[in-house]
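For reference, start.pdb is printed below; it contains PDB, C-alpha atoms.
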```pdb
ATOM      1  CA  ARG A 167       4.729  32.404 -39.010  1.00  0.00           C
ATOM      2  CA  LYS A 168       3.783  35.902 -37.889  1.00  0.00           C
ATOM      3  CA  GLU A 169       0.651  37.347 -39.417  1.00  0.00           C
ATOM      4  CA  VAL A 170       2.478  40.546 -40.384  1.00  0.00           C
ATOM      5  CA  GLU A 171       6.236  40.530 -40.932  1.00  0.00           C
ATOM      6  CA  GLN A 172       8.568  43.473 -41.252  1.00  0.00           C
ATOM      7  CA  ASP A 173      12.314  43.939 -41.353  1.00  0.00           C
ATOM      8  CA  PRO A 174      13.023  45.447 -37.897  1.00  0.00           C
ATOM      9  CA  GLY A 175      15.964  47.495 -39.148  1.00  0.00           C
ATOM     10  CA  PRO A 176      17.433  49.739 -37.992  1.00  0.00           C
ATOM     11  CA  PHE A 177      17.678  51.704 -41.196  1.00  0.00           C
ATOM     12  CA  ASN A 178      20.193  54.552 -40.882  1.00  0.00           C
ATOM     13  CA  VAL A 179      19.761  56.823 -43.863  1.00  0.00           C
ATOM     14  CA  PRO A 180      21.337  60.198 -44.733  1.00  0.00           C
ATOM     15  CA  GLU A 181      19.057  63.197 -44.915  1.00  0.00           C
ATOM     16  CA  GLY A 182      17.636  63.681 -48.403  1.00  0.00           C
ATOM     17  CA  ALA A 183      17.887  60.026 -49.375  1.00  0.00           C
ATOM     18  CA  THR A 184      15.037  57.782 -50.461  1.00  0.00           C
ATOM     19  CA  VAL A 185      14.185  54.818 -48.248  1.00  0.00           C
ATOM     20  CA  ALA A 186      11.793  51.926 -48.758  1.00  0.00           C
ATOM     21  CA  PHE A 187      10.207  49.560 -46.246  1.00  0.00           C
ATOM     22  CA  ASN A 188       8.531  46.273 -47.019  1.00  0.00           C
ATOM     23  CA  CYS A 189       5.995  44.189 -45.220  1.00  0.00           C
ATOM     24  CA  THR A 190       4.342  40.833 -45.902  1.00  0.00           C
ATOM     25  CA  TYR A 191       1.121  39.457 -44.476  1.00  0.00           C
ATOM     26  CA  SER A 192      -0.007  35.866 -44.253  1.00  0.00           C
ATOM     27  CA  ASN A 193      -3.805  36.060 -44.158  1.00  0.00           C
ATOM     28  CA  SER A 194      -5.257  36.401 -47.641  1.00  0.00           C
ATOM     29  CA  ALA A 195      -8.605  37.415 -46.072  1.00  0.00           C
ATOM     30  CA  SER A 196      -7.058  40.695 -44.940  1.00  0.00           C
ATOM     31  CA  GLN A 197      -9.054  43.563 -46.307  1.00  0.00           C
ATOM     32  CA  SER A 198      -7.413  46.867 -45.472  1.00  0.00           C
ATOM     33  CA  PHE A 199      -3.839  47.936 -45.025  1.00  0.00           C
ATOM     34  CA  PHE A 200      -2.115  50.836 -43.317  1.00  0.00           C
ATOM     35  CA  TRP A 201       1.148  52.347 -42.257  1.00  0.00           C
ATOM     36  CA  TYR A 202       1.368  53.792 -38.763  1.00  0.00           C
ATOM     37  CA  ARG A 203       4.203  55.860 -37.386  1.00  0.00           C
ATOM     38  CA  GLN A 204       5.409  55.616 -33.790  1.00  0.00           C
ATOM     39  CA  ASP A 205       7.862  58.079 -32.294  1.00  0.00           C
ATOM     40  CA  CYS A 206      10.036  57.037 -29.374  1.00  0.00           C
ATOM     41  CA  ARG A 207       7.956  56.632 -26.190  1.00  0.00           C
ATOM     42  CA  LYS A 208       4.814  57.804 -27.962  1.00  0.00           C
ATOM     43  CA  GLU A 209       1.666  56.129 -29.202  1.00  0.00           C
ATOM     44  CA  PRO A 210       1.247  54.918 -32.818  1.00  0.00           C
ATOM     45  CA  LYS A 211      -0.418  57.354 -35.196  1.00  0.00           C
ATOM     46  CA  LEU A 212      -1.952  56.641 -38.577  1.00  0.00           C
ATOM     47  CA  LEU A 213       0.387  57.697 -41.387  1.00  0.00           C
ATOM     48  CA  MET A 214      -1.575  56.534 -44.408  1.00  0.00           C
ATOM     49  CA  SER A 215      -3.813  53.852 -45.825  1.00  0.00           C
ATOM     50  CA  VAL A 216      -2.549  51.569 -48.576  1.00  0.00           C
ATOM     51  CA  TYR A 217      -4.579  50.939 -51.721  1.00  0.00           C
ATOM     52  CA  SER A 218      -4.060  48.431 -54.520  1.00  0.00           C
ATOM     53  CA  SER A 219      -3.687  51.235 -57.030  1.00  0.00           C
ATOM     54  CA  GLY A 220      -0.930  52.799 -54.956  1.00  0.00           C
ATOM     55  CA  ASN A 221      -1.310  56.120 -53.209  1.00  0.00           C
ATOM     56  CA  GLU A 222       0.825  59.092 -52.444  1.00  0.00           C
ATOM     57  CA  ASP A 223       0.837  61.689 -49.686  1.00  0.00           C
ATOM     58  CA  GLY A 224       3.538  64.260 -50.252  1.00  0.00           C
ATOM     59  CA  ARG A 225       6.902  62.509 -49.943  1.00  0.00           C
ATOM     60  CA  PHE A 226       5.286  59.213 -48.951  1.00  0.00           C
ATOM     61  CA  THR A 227       4.114  56.542 -51.384  1.00  0.00           C
ATOM     62  CA  ALA A 228       2.392  53.317 -50.364  1.00  0.00           C
ATOM     63  CA  GLN A 229       1.851  50.252 -52.527  1.00  0.00           C
ATOM     64  CA  LEU A 230      -0.094  47.032 -52.084  1.00  0.00           C
ATOM     65  CA  ASN A 231       0.365  43.800 -54.021  1.00  0.00           C
ATOM     66  CA  ARG A 232      -2.495  41.492 -53.062  1.00  0.00           C
ATOM     67  CA  ALA A 233      -1.247  38.608 -55.186  1.00  0.00           C
ATOM     68  CA  SER A 234       2.093  38.567 -53.363  1.00  0.00           C
ATOM     69  CA  GLN A 235       0.584  39.722 -50.042  1.00  0.00           C
ATOM     70  CA  TYR A 236       3.145  42.477 -49.906  1.00  0.00           C
ATOM     71  CA  ILE A 237       2.963  46.123 -48.780  1.00  0.00           C
ATOM     72  CA  SER A 238       5.560  48.827 -49.213  1.00  0.00           C
ATOM     73  CA  LEU A 239       6.249  52.364 -48.066  1.00  0.00           C
ATOM     74  CA  LEU A 240       8.591  54.726 -49.889  1.00  0.00           C
ATOM     75  CA  ILE A 241       9.862  57.943 -48.346  1.00  0.00           C
ATOM     76  CA  ARG A 242      11.514  60.421 -50.712  1.00  0.00           C
ATOM     77  CA  ASP A 243      13.770  63.334 -49.731  1.00  0.00           C
ATOM     78  CA  SER A 244      13.901  62.091 -46.146  1.00  0.00           C
ATOM     79  CA  LYS A 245      13.915  64.633 -43.311  1.00  0.00           C
ATOM     80  CA  LEU A 246      15.308  64.393 -39.804  1.00  0.00           C
ATOM     81  CA  SER A 247      11.713  64.486 -38.556  1.00  0.00           C
ATOM     82  CA  ASP A 248      11.013  61.198 -40.388  1.00  0.00           C
ATOM     83  CA  SER A 249      13.045  59.331 -37.759  1.00  0.00           C
ATOM     84  CA  ALA A 250      10.569  56.976 -36.124  1.00  0.00           C
ATOM     85  CA  THR A 251       9.370  53.384 -36.130  1.00  0.00           C
ATOM     86  CA  TYR A 252       7.029  52.526 -39.003  1.00  0.00           C
ATOM     87  CA  LEU A 253       4.380  49.904 -38.327  1.00  0.00           C
ATOM     88  CA  CYS A 254       2.734  47.865 -41.053  1.00  0.00           C
ATOM     89  CA  VAL A 255      -0.898  47.182 -40.131  1.00  0.00           C
ATOM     90  CA  VAL A 256      -3.483  44.828 -41.588  1.00  0.00           C
ATOM     91  CA  LYS A 257      -7.225  44.790 -40.945  1.00  0.00           C
ATOM     92  CA  LYS A 258      -9.630  41.945 -41.399  1.00  0.00           C
ATOM     93  CA  ILE A 259     -13.336  41.661 -40.784  1.00  0.00           C
ATOM     94  CA  SER A 260     -14.605  38.553 -39.005  1.00  0.00           C
ATOM     95  CA  ASN A 261     -17.701  36.590 -39.978  1.00  0.00           C
ATOM     96  CA  PHE A 262     -19.525  38.512 -37.257  1.00  0.00           C
ATOM     97  CA  GLY A 263     -18.611  41.845 -38.804  1.00  0.00           C
ATOM     98  CA  ASN A 264     -16.045  42.724 -36.179  1.00  0.00           C
ATOM     99  CA  GLU A 265     -12.859  44.373 -37.335  1.00  0.00           C
ATOM    100  CA  LYS A 266      -9.443  43.633 -36.004  1.00  0.00           C
ATOM    101  CA  LEU A 267      -6.086  45.297 -36.683  1.00  0.00           C
ATOM    102  CA  THR A 268      -2.888  43.265 -36.570  1.00  0.00           C
ATOM    103  CA  PHE A 269       0.376  45.179 -36.253  1.00  0.00           C
ATOM    104  CA  GLY A 270       3.818  44.296 -37.499  1.00  0.00           C
ATOM    105  CA  THR A 271       6.682  44.713 -35.046  1.00  0.00           C
ATOM    106  CA  GLY A 272       7.842  47.834 -36.849  1.00  0.00           C
ATOM    107  CA  THR A 273      10.851  49.071 -38.805  1.00  0.00           C
ATOM    108  CA  ARG A 274      13.049  51.580 -37.074  1.00  0.00           C
ATOM    109  CA  LEU A 275      14.287  54.464 -39.219  1.00  0.00           C
ATOM    110  CA  THR A 276      16.946  57.008 -38.253  1.00  0.00           C
ATOM    111  CA  ILE A 277      17.723  59.899 -40.578  1.00  0.00           C
ATOM    112  CA  ILE A 278      21.313  61.064 -40.226  1.00  0.00           C
ATOM    113  CA  PRO A 279      22.179  64.752 -40.759  1.00  0.00           C
TER
ATOM    114  CA  ASP B 217      -9.628  66.023 -32.288  1.00  0.00           C
ATOM    115  CA  VAL B 218     -10.490  62.633 -30.869  1.00  0.00           C
ATOM    116  CA  LYS B 219      -8.942  62.155 -27.543  1.00  0.00           C
ATOM    117  CA  VAL B 220      -8.175  58.876 -25.845  1.00  0.00           C
ATOM    118  CA  THR B 221      -6.996  59.346 -22.289  1.00  0.00           C
ATOM    119  CA  GLN B 222      -5.264  56.739 -20.196  1.00  0.00           C
ATOM    120  CA  SER B 223      -5.372  57.433 -16.496  1.00  0.00           C
ATOM    121  CA  SER B 224      -1.709  56.820 -15.696  1.00  0.00           C
ATOM    122  CA  ARG B 225       1.481  57.327 -17.696  1.00  0.00           C
ATOM    123  CA  TYR B 226       3.654  55.265 -15.361  1.00  0.00           C
ATOM    124  CA  LEU B 227       2.603  52.686 -12.789  1.00  0.00           C
ATOM    125  CA  VAL B 228       4.566  50.432 -10.439  1.00  0.00           C
ATOM    126  CA  LYS B 229       2.728  47.556  -8.763  1.00  0.00           C
ATOM    127  CA  ARG B 230       3.694  44.554  -6.675  1.00  0.00           C
ATOM    128  CA  THR B 231       3.286  40.947  -7.734  1.00  0.00           C
ATOM    129  CA  GLY B 232      -0.158  39.655  -6.805  1.00  0.00           C
ATOM    130  CA  GLU B 233      -1.831  43.067  -6.715  1.00  0.00           C
ATOM    131  CA  LYS B 234      -5.046  43.710  -8.617  1.00  0.00           C
ATOM    132  CA  VAL B 235      -4.380  46.442 -11.150  1.00  0.00           C
ATOM    133  CA  PHE B 236      -6.874  48.632 -12.990  1.00  0.00           C
ATOM    134  CA  LEU B 237      -5.911  50.504 -16.153  1.00  0.00           C
ATOM    135  CA  GLU B 238      -8.492  53.037 -17.233  1.00  0.00           C
ATOM    136  CA  CYS B 239      -9.159  54.394 -20.702  1.00  0.00           C
ATOM    137  CA  VAL B 240     -11.643  57.092 -21.664  1.00  0.00           C
ATOM    138  CA  GLN B 241     -12.488  58.405 -25.150  1.00  0.00           C
ATOM    139  CA  ASP B 242     -14.497  61.523 -25.882  1.00  0.00           C
ATOM    140  CA  MET B 243     -15.773  60.970 -29.432  1.00  0.00           C
ATOM    141  CA  ASP B 244     -18.585  58.461 -28.946  1.00  0.00           C
ATOM    142  CA  HIS B 245     -16.639  55.624 -30.589  1.00  0.00           C
ATOM    143  CA  GLU B 246     -18.224  52.196 -30.478  1.00  0.00           C
ATOM    144  CA  ASN B 247     -14.973  50.243 -30.726  1.00  0.00           C
ATOM    145  CA  MET B 248     -12.327  50.158 -28.027  1.00  0.00           C
ATOM    146  CA  PHE B 249      -9.201  48.035 -27.749  1.00  0.00           C
ATOM    147  CA  TRP B 250      -6.425  47.179 -25.319  1.00  0.00           C
ATOM    148  CA  TYR B 251      -2.982  46.292 -26.637  1.00  0.00           C
ATOM    149  CA  ARG B 252       0.316  45.629 -24.973  1.00  0.00           C
ATOM    150  CA  GLN B 253       3.592  46.487 -26.671  1.00  0.00           C
ATOM    151  CA  ASP B 254       6.863  44.713 -25.971  1.00  0.00           C
ATOM    152  CA  PRO B 255      10.241  45.006 -27.739  1.00  0.00           C
ATOM    153  CA  GLY B 256      10.518  42.553 -30.600  1.00  0.00           C
ATOM    154  CA  LEU B 257       6.886  41.479 -30.263  1.00  0.00           C
ATOM    155  CA  GLY B 258       5.090  44.616 -31.386  1.00  0.00           C
ATOM    156  CA  LEU B 259       1.533  45.422 -30.415  1.00  0.00           C
ATOM    157  CA  ARG B 260      -0.550  42.459 -29.335  1.00  0.00           C
ATOM    158  CA  LEU B 261      -4.296  42.622 -28.839  1.00  0.00           C
ATOM    159  CA  ILE B 262      -5.480  41.686 -25.350  1.00  0.00           C
ATOM    160  CA  TYR B 263      -9.218  42.426 -25.433  1.00  0.00           C
ATOM    161  CA  PHE B 264     -11.607  44.514 -27.463  1.00  0.00           C
ATOM    162  CA  SER B 265     -15.168  45.760 -27.224  1.00  0.00           C
ATOM    163  CA  TYR B 266     -17.666  46.800 -29.889  1.00  0.00           C
ATOM    164  CA  ASP B 267     -20.384  47.998 -27.579  1.00  0.00           C
ATOM    165  CA  VAL B 268     -21.256  48.693 -23.989  1.00  0.00           C
ATOM    166  CA  LYS B 269     -21.078  45.579 -21.799  1.00  0.00           C
ATOM    167  CA  MET B 270     -19.688  43.617 -24.691  1.00  0.00           C
ATOM    168  CA  LYS B 271     -16.154  42.185 -24.829  1.00  0.00           C
ATOM    169  CA  GLU B 272     -14.146  39.837 -26.978  1.00  0.00           C
ATOM    170  CA  LYS B 273     -10.840  38.109 -26.334  1.00  0.00           C
ATOM    171  CA  GLY B 274      -7.919  39.168 -28.417  1.00  0.00           C
ATOM    172  CA  ASP B 275      -4.743  37.219 -29.045  1.00  0.00           C
ATOM    173  CA  ILE B 276      -3.340  37.223 -25.497  1.00  0.00           C
ATOM    174  CA  PRO B 277      -6.215  37.511 -22.965  1.00  0.00           C
ATOM    175  CA  GLU B 278      -4.752  35.222 -20.296  1.00  0.00           C
ATOM    176  CA  GLY B 279      -4.279  36.983 -16.980  1.00  0.00           C
ATOM    177  CA  TYR B 280      -6.476  39.916 -17.997  1.00  0.00           C
ATOM    178  CA  SER B 281     -10.115  40.898 -17.902  1.00  0.00           C
ATOM    179  CA  VAL B 282     -11.977  43.981 -19.067  1.00  0.00           C
ATOM    180  CA  SER B 283     -15.022  46.033 -18.210  1.00  0.00           C
ATOM    181  CA  ARG B 284     -17.108  48.333 -20.354  1.00  0.00           C
ATOM    182  CA  GLU B 285     -20.011  49.706 -18.355  1.00  0.00           C
ATOM    183  CA  LYS B 286     -20.190  52.977 -20.286  1.00  0.00           C
ATOM    184  CA  LYS B 287     -19.512  53.655 -23.936  1.00  0.00           C
ATOM    185  CA  GLU B 288     -16.674  56.061 -23.278  1.00  0.00           C
ATOM    186  CA  ARG B 289     -14.773  53.958 -20.745  1.00  0.00           C
ATOM    187  CA  PHE B 290     -12.915  50.682 -21.224  1.00  0.00           C
ATOM    188  CA  SER B 291     -10.997  49.270 -18.275  1.00  0.00           C
ATOM    189  CA  LEU B 292      -8.292  46.620 -18.313  1.00  0.00           C
ATOM    190  CA  ILE B 293      -7.923  44.565 -15.149  1.00  0.00           C
ATOM    191  CA  LEU B 294      -4.954  42.480 -14.105  1.00  0.00           C
ATOM    192  CA  GLU B 295      -6.500  40.159 -11.541  1.00  0.00           C
ATOM    193  CA  SER B 296      -3.170  39.214  -9.946  1.00  0.00           C
ATOM    194  CA  ALA B 297      -0.247  41.086 -11.451  1.00  0.00           C
ATOM    195  CA  SER B 298       2.838  39.123 -12.415  1.00  0.00           C
ATOM    196  CA  THR B 299       6.278  40.262 -13.525  1.00  0.00           C
ATOM    197  CA  ASN B 300       5.645  39.035 -17.078  1.00  0.00           C
ATOM    198  CA  GLN B 301       2.897  41.623 -17.336  1.00  0.00           C
ATOM    199  CA  THR B 302       5.460  44.409 -17.151  1.00  0.00           C
ATOM    200  CA  SER B 303       4.839  46.210 -20.426  1.00  0.00           C
ATOM    201  CA  MET B 304       3.525  49.280 -22.225  1.00  0.00           C
ATOM    202  CA  TYR B 305      -0.276  49.146 -22.386  1.00  0.00           C
ATOM    203  CA  LEU B 306      -2.053  51.060 -25.123  1.00  0.00           C
ATOM    204  CA  CYS B 307      -5.748  51.747 -25.399  1.00  0.00           C
ATOM    205  CA  ALA B 308      -7.348  52.632 -28.750  1.00  0.00           C
ATOM    206  CA  SER B 309     -10.771  53.538 -30.066  1.00  0.00           C
ATOM    207  CA  SER B 310     -12.433  53.784 -33.475  1.00  0.00           C
ATOM    208  CA  LEU B 311     -15.749  53.990 -35.256  1.00  0.00           C
ATOM    209  CA  PRO B 312     -16.985  50.853 -37.048  1.00  0.00           C
ATOM    210  CA  SER B 313     -15.588  50.532 -40.565  1.00  0.00           C
ATOM    211  CA  VAL B 314     -13.544  53.694 -40.221  1.00  0.00           C
ATOM    212  CA  TYR B 315      -9.946  52.727 -40.638  1.00  0.00           C
ATOM    213  CA  GLY B 316      -8.167  54.903 -38.178  1.00  0.00           C
ATOM    214  CA  TYR B 317      -7.554  53.859 -34.638  1.00  0.00           C
ATOM    215  CA  THR B 318      -6.787  56.626 -32.168  1.00  0.00           C
ATOM    216  CA  PHE B 319      -4.445  55.560 -29.428  1.00  0.00           C
ATOM    217  CA  GLY B 320      -3.987  56.869 -25.938  1.00  0.00           C
ATOM    218  CA  SER B 321      -0.498  57.864 -24.868  1.00  0.00           C
ATOM    219  CA  GLY B 322       0.035  54.564 -23.076  1.00  0.00           C
ATOM    220  CA  THR B 323       0.631  53.323 -19.543  1.00  0.00           C
ATOM    221  CA  ARG B 324       4.038  51.891 -18.768  1.00  0.00           C
ATOM    222  CA  LEU B 325       3.380  49.281 -16.085  1.00  0.00           C
ATOM    223  CA  THR B 326       6.169  47.749 -14.052  1.00  0.00           C
ATOM    224  CA  VAL B 327       5.360  44.791 -11.810  1.00  0.00           C
ATOM    225  CA  VAL B 328       7.970  44.140  -9.136  1.00  0.00           C
TER
END
```
Would you mind writing the structure in this file as structure tokens?
Amino acid sequence: RKEVEQDPGPFNVPEGATVAFNCTYSNSASQSFFWYRQDCRKEPKLLMSVYSSGNEDGRFTAQLNRASQYISLLIRDSKLSDSATYLCVVKKISNFGNEKLTFGTGTRLTIIP
Amino acid sequence: DVKVTQSSRYLVKRTGEKVFLECVQDMDHENMFWYRQDPGLGLRLIYFSYDVKMKEKGDIPEGYSVSREKKERFSLILESASTNQTSMYLCASSLPSVYGYTFGSGTRLTVV
């Protein structure tokens, strides 16, 4: 089983719609959670962190359910510029204090005019 | 802005060649990482380093080595390139306990 699993998509969504992505992780020792965005042929960039209480950044809302080991990202009023691959990312700290990020394979989103 | 610079955007090498991929960051970050990214497999960690001259194996270190002689520079070495090492290679850096990784723009390596 992969450590971080995402639906690869593609999600083709009309402009203005709301879209939600889900992600599950297998290691209960995971401590921090993130969504990264990767545009075609570009490097991943941090979109937002994910907190247990849920957090919002403009049109983007992230949720974490530690009991179910489940992370979500909601995009409201989607724009053409939201077209990208969204990577679910999990961080854990080893016994030696070293941190390590594990990336999901990504969910591809295309916003259709 | 933190900048992570990878020396080459595109590289073509022959099977058996020794290949060096260079990564330099300009924000005094302790942590540096090398990932490879392949379709359907996502980003996979090859090696990482938390300090000068220090290195740790990631999830797929076979066929690779690394060097970190200076804090700002982290090199990935393919001792004898093989066609299955054709991939996008991404370098990243971060500060300890700070969540964001900053990635370089990647090196697309083709081994023929």
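Among the candidates B:Arg230, B:Lys286, B:Arg260, B:Arg252, the residue lying nearest to Val327 (chain B) is B:Arg230 (atoms considered: only C-alpha atoms).
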Restrict the distance test to only C-alpha atoms, flag each residue of chain B within 7 Å of chain A, and return the flagged residues as a PyMOL selection string.
chain B and resi 256-259+316+319-322
Once the PyMOL selection byres ((chain B and resi 300-314) around 8) is applied to the coordinates I shared, what remains selected? I want it as a ChimeraX atom specification.
/A:209,265 /B:220,222,239,241,245-254,297-299,315-327
Name every residue that the PyMOL selection byres ((chain A and resi 230) around 9) selects in this structure, writing the answer as a short mmCIF file (atom, residue, chain, number, x, y, z; two decimals) with C-alpha atoms, keeping the file's coordinate frame with chains first and numbers rising.
```cif
data_model
loop_
_atom_site.label_atom_id
_atom_site.label_comp_id
_atom_site.auth_asym_id
_atom_site.auth_seq_id
_atom_site.Cartn_x
_atom_site.Cartn_y
_atom_site.Cartn_z
CA PHE A 199 -3.84 47.94 -45.02
CA VAL A 216 -2.55 51.57 -48.58
CA TYR A 217 -4.58 50.94 -51.72
CA SER A 218 -4.06 48.43 -54.52
CA SER A 219 -3.69 51.24 -57.03
CA GLY A 220 -0.93 52.80 -54.96
CA ALA A 228 2.39 53.32 -50.36
CA GLN A 229 1.85 50.25 -52.53
CA ASN A 231 0.36 43.80 -54.02
CA ARG A 232 -2.50 41.49 -53.06
CA SER A 234 2.09 38.57 -53.36
CA GLN A 235 0.58 39.72 -50.04
CA TYR A 236 3.14 42.48 -49.91
CA ILE A 237 2.96 46.12 -48.78
CA SER A 238 5.56 48.83 -49.21
#
```
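Residue nearest Ser283 (chain B), chosen from B:Met243, B:Val328, B:Leu227, B:Val268 and counting all atoms listed in the file: B:Val268.
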So what does the PyMOL selection byres ((chain A and resi 225) around 7) actually pick up in this one, as a PyMOL selection string?
chain A and resi 223-224+226-227+241-243
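Comparing the minimum interatomic distances between Thr273 (chain A) and each of A:Ala250, A:Ala233, A:Ala195, A:Val170, counting only C-alpha atoms, we find that A:Ala250 sits nearest.
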Hey, what's within 6 Å of region 178-182 of chain A if we count all atoms listed in the file and toss same-chain stuff fewer than 4 positions away? As a PyMOL selection string, please?
chain A and resi 243-245+276-279
To one decimal in Å, tell me the separation between CA of Cys189 (chain A) and CA of Leu261 (chain B).
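Taking CA of Cys189 (chain A) as the start and CA of Leu261 (chain B) as the end point, the length is 19.4 Å.
As for CA of Ser296 (chain B) and CA of Asp267 (chain B), they are spaced 26.2 Å apart.
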Please enclose the listed atoms of region 196-207 of chain A in an axis-aligned box, pad each side by 3 Å, and write out the centre and the three edge lengths in Å, rounded to one decimal, as lines of an AutoDock Vina configuration file.
```
center_x = 0.5
center_y = 49.4
center_z = -36.2
size_x = 25.1
size_y = 23.4
size_z = 26.1
```
Do you know which residues lie at most 7 Å from (-0.9, 37.7, -45.6), with coordinates as in the file and all atoms listed in the file counted, and could you write them as a PyMOL selection string?
chain A and resi 169-170+190-194+196+235
Can I get the selection written as a compact mmCIF listing (two decimals), keeping the file's coordinate frame, with C-alpha atoms?
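Wrote it out as result-v9.txt, contents follow:
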```txt
# COMPACT_ATOMS: atom_id res chain seq x y z
CA GLU A 169 0.65 37.35 -39.42
CA VAL A 170 2.48 40.55 -40.38
CA THR A 190 4.34 40.83 -45.90
CA TYR A 191 1.12 39.46 -44.48
CA SER A 192 -0.01 35.87 -44.25
CA ASN A 193 -3.80 36.06 -44.16
CA SER A 194 -5.26 36.40 -47.64
CA SER A 196 -7.06 40.70 -44.94
CA GLN A 235 0.58 39.72 -50.04
```
To one decimal place, how far is CA of Gly279 (chain B) from CA of Val235 (chain B) in Å?
11.1 Å
With distances taken over all atoms listed in the file, the candidate from A:Asp205, A:Asn221, A:Leu246, A:Val256 nearest Arg274 (chain A) is A:Asp205
Distance criterion (all atoms listed in the file): nearest to Glu171 (chain A) out of A:Leu240, A:Arg203, A:Ala183, A:Asn188
A:Asn188
Provide region 218-224 of chain B of the preceding structure as a file containing all heavy atoms, as a compact mmCIF listing (two decimals), in the first residue's frame.
```txt
# COMPACT_ATOMS: atom_id res chain seq x y z
N VAL B 218 13.57 32.69 -1.63
CA VAL B 218 14.53 31.59 -1.65
C VAL B 218 14.68 31.10 -3.07
O VAL B 218 13.70 30.98 -3.80
CB VAL B 218 14.03 30.40 -0.79
CG1 VAL B 218 15.01 29.25 -0.86
CG2 VAL B 218 13.82 30.84 0.64
N LYS B 219 15.92 30.86 -3.42
CA LYS B 219 16.12 30.35 -4.76
C LYS B 219 16.90 29.05 -4.68
O LYS B 219 17.93 28.95 -4.01
CB LYS B 219 16.89 31.36 -5.59
CG LYS B 219 16.54 31.30 -7.04
CD LYS B 219 17.00 32.52 -7.77
CE LYS B 219 16.59 32.40 -9.24
NZ LYS B 219 17.15 33.45 -10.04
N VAL B 220 16.38 28.05 -5.39
CA VAL B 220 17.09 26.79 -5.55
C VAL B 220 17.37 26.64 -7.03
O VAL B 220 16.45 26.63 -7.85
CB VAL B 220 16.25 25.60 -5.03
CG1 VAL B 220 16.99 24.30 -5.25
CG2 VAL B 220 15.92 25.79 -3.56
N THR B 221 18.64 26.55 -7.37
CA THR B 221 19.04 26.52 -8.77
C THR B 221 19.64 25.18 -9.11
O THR B 221 20.56 24.70 -8.44
CB THR B 221 20.09 27.63 -9.03
OG1 THR B 221 19.53 28.89 -8.65
CG2 THR B 221 20.46 27.68 -10.50
N GLN B 222 19.10 24.59 -10.16
CA GLN B 222 19.67 23.34 -10.69
C GLN B 222 20.43 23.68 -11.96
O GLN B 222 19.93 24.44 -12.79
CB GLN B 222 18.57 22.32 -10.93
CG GLN B 222 17.93 21.87 -9.63
CD GLN B 222 16.90 20.78 -9.82
OE1 GLN B 222 15.78 20.88 -9.32
NE2 GLN B 222 17.25 19.72 -10.50
N SER B 223 21.60 23.10 -12.09
CA SER B 223 22.55 23.56 -13.11
C SER B 223 22.05 23.36 -14.53
O SER B 223 22.35 24.16 -15.41
CB SER B 223 23.90 22.88 -12.92
OG SER B 223 23.72 21.47 -12.88
N SER B 224 21.29 22.30 -14.78
CA SER B 224 20.85 22.04 -16.15
C SER B 224 19.34 21.82 -16.18
O SER B 224 18.80 21.19 -15.28
CB SER B 224 21.55 20.80 -16.71
OG SER B 224 22.94 20.93 -16.64
```
